[in-house]
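Enquirer: Enclosed is the structure file my_file_35.pdb (PDB, C-alpha atoms, pLDDT in the B column).
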```
MODEL        1
ATOM      1  CA  MET A 513     101.401 102.673 114.832  1.00 57.00           C
ATOM      2  CA  PRO A 514     104.813 104.005 113.846  1.00 63.00           C
ATOM      3  CA  LEU A 515     105.262 107.734 114.036  1.00 58.00           C
ATOM      4  CA  TRP A 516     106.689 107.888 110.538  1.00 57.00           C
ATOM      5  CA  LYS A 517     103.539 106.600 108.919  1.00 57.00           C
ATOM      6  CA  LEU A 518     101.518 109.591 110.059  1.00 58.00           C
ATOM      7  CA  ALA A 519     104.261 111.954 108.944  1.00 55.00           C
ATOM      8  CA  VAL A 520     104.345 110.277 105.541  1.00 53.00           C
ATOM      9  CA  ALA A 521     100.653 110.692 105.012  1.00 55.00           C
ATOM     10  CA  PHE A 522     100.537 114.323 106.092  1.00 59.00           C
ATOM     11  CA  MET A 523     103.513 115.297 103.976  1.00 58.00           C
ATOM     12  CA  ALA A 524     102.254 113.251 101.033  1.00 54.00           C
ATOM     13  CA  VAL A 525      99.100 115.289 100.901  1.00 51.00           C
ATOM     14  CA  ALA A 526     101.092 118.467 100.981  1.00 53.00           C
ATOM     15  CA  LEU A 527     103.225 117.472  98.029  1.00 51.00           C
ATOM     16  CA  MET A 528     100.691 115.478  96.016  1.00 52.00           C
ATOM     17  CA  LEU A 529      98.410 118.283  95.059  1.00 45.00           C
ATOM     18  CA  VAL A 530     101.001 120.694  93.722  1.00 47.00           C
ATOM     19  CA  GLY A 531      99.914 121.688  90.258  1.00 47.00           C
ATOM     20  CA  CYS A 532      96.186 121.094  90.693  1.00 46.00           C
ATOM     21  CA  GLY A 533      93.847 123.367  88.793  1.00 43.00           C
ATOM     22  CA  ARG A 534      92.763 126.646  90.337  1.00 46.00           C
ATOM     23  CA  ASP A 535      88.987 126.181  90.019  1.00 54.00           C
ATOM     24  CA  ASP A 536      87.087 126.915  93.215  1.00 75.00           C
ATOM     25  CA  PRO A 537      87.040 123.448  94.880  1.00 86.00           C
ATOM     26  CA  GLU A 538      90.483 122.525  93.637  1.00 84.00           C
ATOM     27  CA  ALA A 539      91.964 125.885  94.692  1.00 80.00           C
ATOM     28  CA  ALA A 540      90.507 125.514  98.175  1.00 84.00           C
ATOM     29  CA  LEU A 541      91.794 121.944  98.408  1.00 80.00           C
ATOM     30  CA  GLN A 542      95.216 123.098  97.221  1.00 73.00           C
ATOM     31  CA  ALA A 543      95.256 125.830  99.865  1.00 80.00           C
ATOM     32  CA  ALA A 544      94.474 123.230 102.553  1.00 81.00           C
ATOM     33  CA  VAL A 545      97.281 121.015 101.276  1.00 73.00           C
ATOM     34  CA  GLU A 546      99.740 123.898 101.336  1.00 73.00           C
ATOM     35  CA  SER A 547      98.644 124.806 104.842  1.00 82.00           C
ATOM     36  CA  LEU A 548      99.098 121.181 105.904  1.00 76.00           C
ATOM     37  CA  GLN A 549     102.638 121.142 104.538  1.00 73.00           C
ATOM     38  CA  GLU A 550     103.493 124.470 106.190  1.00 78.00           C
ATOM     39  CA  SER A 551     102.123 123.340 109.561  1.00 82.00           C
ATOM     40  CA  ILE A 552     104.250 120.191 109.455  1.00 75.00           C
ATOM     41  CA  GLU A 553     107.388 121.995 108.332  1.00 73.00           C
ATOM     42  CA  SER A 554     106.943 124.651 111.025  1.00 78.00           C
ATOM     43  CA  LYS A 555     105.992 121.988 113.615  1.00 82.00           C
ATOM     44  CA  ASP A 556     102.759 123.817 114.418  1.00 89.00           C
ATOM     45  CA  THR A 557     100.521 121.206 116.044  1.00 92.00           C
ATOM     46  CA  SER A 558      97.529 123.494 116.584  1.00 95.00           C
ATOM     47  CA  ARG A 559      97.516 124.626 112.956  1.00 94.00           C
ATOM     48  CA  LEU A 560      97.876 121.005 111.852  1.00 93.00           C
ATOM     49  CA  MET A 561      94.933 119.938 114.011  1.00 97.00           C
ATOM     50  CA  ASP A 562      92.761 122.659 112.440  1.00 96.00           C
ATOM     51  CA  LEU A 563      93.156 120.721 109.179  1.00 96.00           C
ATOM     52  CA  ILE A 564      92.080 117.391 110.678  1.00 97.00           C
ATOM     53  CA  HIS A 565      88.351 116.615 110.735  1.00 97.00           C
ATOM     54  CA  GLN A 566      86.629 115.766 114.039  1.00 97.00           C
ATOM     55  CA  GLU A 567      85.776 112.302 112.663  1.00 97.00           C
ATOM     56  CA  PHE A 568      89.332 111.618 111.456  1.00 97.00           C
ATOM     57  CA  SER A 569      90.378 107.997 111.108  1.00 97.00           C
ATOM     58  CA  ALA A 570      93.766 106.531 110.187  1.00 95.00           C
ATOM     59  CA  ASN A 571      93.871 102.965 108.844  1.00 94.00           C
ATOM     60  CA  GLN A 572      90.459 102.423 110.480  1.00 92.00           C
ATOM     61  CA  GLU A 573      92.160 102.251 113.899  1.00 92.00           C
ATOM     62  CA  ALA A 574      93.450 105.611 115.038  1.00 94.00           C
ATOM     63  CA  ASP A 575      91.496 108.763 115.781  1.00 96.00           C
ATOM     64  CA  ARG A 576      92.085 112.501 115.887  1.00 96.00           C
ATOM     65  CA  ASP A 577      93.648 112.390 119.350  1.00 97.00           C
ATOM     66  CA  TRP A 578      96.150 109.793 118.124  1.00 96.00           C
ATOM     67  CA  ALA A 579      97.061 112.139 115.246  1.00 95.00           C
ATOM     68  CA  ARG A 580      97.697 115.006 117.672  1.00 96.00           C
ATOM     69  CA  ARG A 581      99.848 112.908 120.003  1.00 95.00           C
ATOM     70  CA  THR A 582     101.796 111.356 117.142  1.00 89.00           C
ATOM     71  CA  ALA A 583     102.450 114.691 115.428  1.00 86.00           C
ATOM     72  CA  THR A 584     103.599 116.242 118.707  1.00 89.00           C
ATOM     73  CA  LEU A 585     106.006 113.375 119.308  1.00 86.00           C
ATOM     74  CA  MET A 586     107.340 113.581 115.745  1.00 78.00           C
ATOM     75  CA  PHE A 587     107.886 117.340 116.076  1.00 81.00           C
ATOM     76  CA  LEU A 588     109.796 116.863 119.330  1.00 83.00           C
ATOM     77  CA  ARG A 589     111.884 113.965 118.070  1.00 80.00           C
ATOM     78  CA  HIS A 590     113.038 115.269 114.653  1.00 78.00           C
ATOM     79  CA  ARG A 591     114.368 118.643 113.673  1.00 77.00           C
ATOM     80  CA  ASN A 592     114.311 118.036 109.889  1.00 72.00           C
ATOM     81  CA  VAL A 593     111.810 116.060 107.809  1.00 66.00           C
ATOM     82  CA  ASN A 594     112.071 115.701 104.009  1.00 62.00           C
ATOM     83  CA  VAL A 595     109.392 114.228 101.768  1.00 64.00           C
ATOM     84  CA  ILE A 596     109.447 113.184  98.121  1.00 68.00           C
ATOM     85  CA  ALA A 597     106.074 112.347  96.557  1.00 68.00           C
ATOM     86  CA  LEU A 598     106.075 110.181  93.428  1.00 79.00           C
ATOM     87  CA  ASN A 599     103.199 109.166  91.155  1.00 79.00           C
ATOM     88  CA  SER A 600     100.809 111.493  92.946  1.00 73.00           C
ATOM     89  CA  ARG A 601      97.279 112.364  91.941  1.00 76.00           C
ATOM     90  CA  SER A 602      94.363 114.179  93.536  1.00 77.00           C
ATOM     91  CA  TRP A 603      90.755 114.775  92.553  1.00 86.00           C
ATOM     92  CA  ILE A 604      87.375 116.004  93.739  1.00 92.00           C
ATOM     93  CA  ASP A 605      84.655 113.344  93.786  1.00 93.00           C
ATOM     94  CA  PRO A 606      82.375 114.060  90.794  1.00 93.00           C
ATOM     95  CA  THR A 607      79.284 112.753  92.637  1.00 95.00           C
ATOM     96  CA  TYR A 608      80.020 114.269  96.052  1.00 95.00           C
ATOM     97  CA  PRO A 609      81.785 117.623  95.551  1.00 93.00           C
ATOM     98  CA  ASP A 610      82.363 117.891  99.299  1.00 94.00           C
ATOM     99  CA  LYS A 611      84.874 115.002  99.137  1.00 96.00           C
ATOM    100  CA  GLY A 612      88.387 115.090  97.729  1.00 95.00           C
ATOM    101  CA  TYR A 613      90.947 112.306  97.381  1.00 89.00           C
ATOM    102  CA  SER A 614      94.715 112.037  97.072  1.00 84.00           C
ATOM    103  CA  GLU A 615      97.086 109.145  96.409  1.00 82.00           C
ATOM    104  CA  ALA A 616     100.881 109.045  96.193  1.00 76.00           C
ATOM    105  CA  GLN A 617     103.983 106.998  96.710  1.00 82.00           C
ATOM    106  CA  VAL A 618     106.030 108.821  99.315  1.00 75.00           C
ATOM    107  CA  ALA A 619     109.656 108.618 100.418  1.00 74.00           C
ATOM    108  CA  LEU A 620     110.228 110.200 103.827  1.00 69.00           C
ATOM    109  CA  SER A 621     113.487 110.933 105.609  1.00 67.00           C
ATOM    110  CA  GLY A 622     114.098 112.524 108.989  1.00 67.00           C
ATOM    111  CA  ALA A 623     117.242 113.958 110.504  1.00 67.00           C
ATOM    112  CA  GLU A 624     118.618 115.975 113.372  1.00 69.00           C
ATOM    113  CA  ALA A 625     121.240 117.581 111.124  1.00 63.00           C
ATOM    114  CA  LEU A 626     122.157 117.162 107.461  1.00 59.00           C
ATOM    115  CA  LEU A 627     122.457 113.372 107.249  1.00 58.00           C
ATOM    116  CA  PRO A 628     119.200 111.373 107.280  1.00 59.00           C
ATOM    117  CA  GLN A 629     118.679 109.128 110.286  1.00 63.00           C
ATOM    118  CA  ARG A 630     115.546 107.450 109.026  1.00 64.00           C
ATOM    119  CA  LEU A 631     114.129 106.629 105.597  1.00 69.00           C
ATOM    120  CA  GLY A 632     110.788 105.081 104.616  1.00 77.00           C
ATOM    121  CA  HIS A 633     108.674 104.455 101.503  1.00 83.00           C
ATOM    122  CA  TYR A 634     104.864 104.350 101.666  1.00 85.00           C
ATOM    123  CA  ASN A 635     101.727 104.311  99.530  1.00 90.00           C
ATOM    124  CA  ALA A 636      99.371 106.907 101.012  1.00 87.00           C
ATOM    125  CA  ARG A 637      95.647 107.366 100.334  1.00 90.00           C
ATOM    126  CA  LEU A 638      93.822 110.372 101.774  1.00 89.00           C
ATOM    127  CA  GLU A 639      90.219 111.500 101.858  1.00 95.00           C
ATOM    128  CA  TRP A 640      89.348 115.156 102.444  1.00 96.00           C
ATOM    129  CA  TRP A 641      85.915 116.409 103.513  1.00 97.00           C
ATOM    130  CA  LEU A 642      84.618 119.923 102.950  1.00 95.00           C
ATOM    131  CA  ALA A 643      83.322 121.071 106.358  1.00 93.00           C
ATOM    132  CA  ASP A 644      82.036 124.593 106.995  1.00 91.00           C
ATOM    133  CA  GLY A 645      83.656 125.820 103.799  1.00 90.00           C
ATOM    134  CA  LYS A 646      87.140 124.397 104.381  1.00 93.00           C
ATOM    135  CA  TRP A 647      88.834 121.130 103.454  1.00 94.00           C
ATOM    136  CA  GLN A 648      89.797 118.846 106.336  1.00 97.00           C
ATOM    137  CA  LEU A 649      91.592 115.522 106.319  1.00 96.00           C
ATOM    138  CA  ALA A 650      89.060 112.854 107.316  1.00 97.00           C
ATOM    139  CA  ARG A 651      90.550 109.508 106.299  1.00 95.00           C
ATOM    140  CA  LEU A 652      94.156 108.414 106.022  1.00 92.00           C
ATOM    141  CA  ASN A 653      95.367 104.992 104.873  1.00 93.00           C
ATOM    142  CA  TRP A 654      98.852 103.751 104.014  1.00 90.00           C
ATOM    143  CA  ASP A 655     100.840 100.610 103.376  1.00 88.00           C
TER     144      ASP A 655
ENDMDL
END
```
Could you spell out this file's structure in structure tokens?

Expert:
Amino acid sequence: MPLWKLAVAFMAVALMLVGCGRDDPEAALQAAVESLQESIESKDTSRLMDLIHQEFSANQEADRDWARRTATLMFLRHRNVNVIALNSRSWIDPTYPDKGYSEAQVALSGAEALLPQRLGHYNARLEWWLADGKWQLARLNWD
């Protein structure tokens, strides 16, 4: 799977939930999203992996170890990553309050300096699970 697709999904989550309500589940989900964005921007793989659930799955093919390897490679390869999330929305499942969802159209660019070297557009769908009192990314799908 292309490295950029994982980056798109992670950054999409970070930008999608900006502006969510500050009720308890939504505030906790928002904090996880912000932490996800900060870990990607600071290229902190261990902090990023703390946000990924043990049963993580990407497009029903890749697992948590794939996410770690892909993120590490992305962090080594690109100095700058910019993300623009469009038409984003997030919500907590009304039936299962330990599940949250996010969807967005995402434009992603990466660069070594000021001029972008790579540009992509994706539709990302994410599922968050509340585990031991904190939100973790469990499912990631994109096209």

Enquirer: Smallest atom-to-atom distance to Lys646 in chain A: which of A:Asp610, A:Asp577, A:Glu550, A:Asp556, using all atoms listed in the file?

Expert: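 Of all the options, A:Asp610 lies closest to Lys646 in chain A.
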
Enquirer: Considering all atoms listed in the file, state which residue in the set A:Ala650, A:Leu563, A:Ala636, A:Ala579 is at the smallest distance from Gln549 in chain A.

Expert: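 Under the stated criterion, the closest residue is A:Leu563.
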
Enquirer: Around (86.2, 123.6, 93.0) in the file's frame, which residues reach within 10 Å when counting all atoms listed in the file? Return as an mmCIF file with C-alpha atoms, keeping the file's coordinate frame?

Expert:
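New file part.cif:
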```cif
data_model
loop_
_atom_site.group_PDB
_atom_site.id
_atom_site.type_symbol
_atom_site.label_atom_id
_atom_site.label_comp_id
_atom_site.auth_asym_id
_atom_site.auth_seq_id
_atom_site.Cartn_x
_atom_site.Cartn_y
_atom_site.Cartn_z
ATOM 1 C CA GLY A 533 93.847 123.367 88.793
ATOM 2 C CA ARG A 534 92.763 126.646 90.337
ATOM 3 C CA ASP A 535 88.987 126.181 90.019
ATOM 4 C CA ASP A 536 87.087 126.915 93.215
ATOM 5 C CA PRO A 537 87.040 123.448 94.880
ATOM 6 C CA GLU A 538 90.483 122.525 93.637
ATOM 7 C CA ALA A 539 91.964 125.885 94.692
ATOM 8 C CA ALA A 540 90.507 125.514 98.175
ATOM 9 C CA LEU A 541 91.794 121.944 98.408
ATOM 10 C CA GLN A 542 95.216 123.098 97.221
ATOM 11 C CA TRP A 603 90.755 114.775 92.553
ATOM 12 C CA ILE A 604 87.375 116.004 93.739
ATOM 13 C CA PRO A 609 81.785 117.623 95.551
ATOM 14 C CA ASP A 610 82.363 117.891 99.299
ATOM 15 C CA GLY A 612 88.387 115.090 97.729
#
```

Enquirer: If you apply the PyMOL selection byres ((chain A and resi 634) around 8) to this file, what residues do you get, as a list in words?

Expert: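 What the PyMOL selection byres ((chain A and resi 634) around 8) grabs from the file is Lys517, Val520, Gln617, Val618, Ala619, Gly632, His633, Asn635, Ala636, Trp654 and Asp655 of chain A.
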
Enquirer: One decimal, in Å: what's the spacing between CA of Phe587 in chain A and CA of Gln648 in chain A?

Expert: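 These two atoms are separated by 20.6 Å.
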
Enquirer: Pull out every residue that the PyMOL selection byres ((chain A and resi 653) around 7) matches in the shown coordinates and put them as a list in words.

Expert: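 The output of the PyMOL selection byres ((chain A and resi 653) around 7) on this file is Ala570, Asn571, Ala636, Arg637, Leu638, Arg651, Leu652 and Trp654 of chain A.
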
Enquirer: Suppose you want the space between CA of Ser558 in chain A and CA of Val545 in chain A; what is it in Å?

Expert: 15.5 Å

Enquirer: Given the file shown, determine the residues that the PyMOL selection byres ((chain A and resi 555) around 10) selects; report them as a ChimeraX atom specification.

Expert: /A:549-554,556-560,583-584,586-588,590-592

Enquirer: Could you please determine the separation between CA of Thr582 in chain A and CA of Ser569 in chain A in Å, to one decimal place?

Expert: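 Between these atoms lies a distance of 13.3 Å.
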
Enquirer: Of the candidates A:Ala544, A:Gln566, A:Glu573, A:Pro606, which one gets nearest to Gly645 in chain A if we count all atoms listed in the file?

Expert: A:Ala544
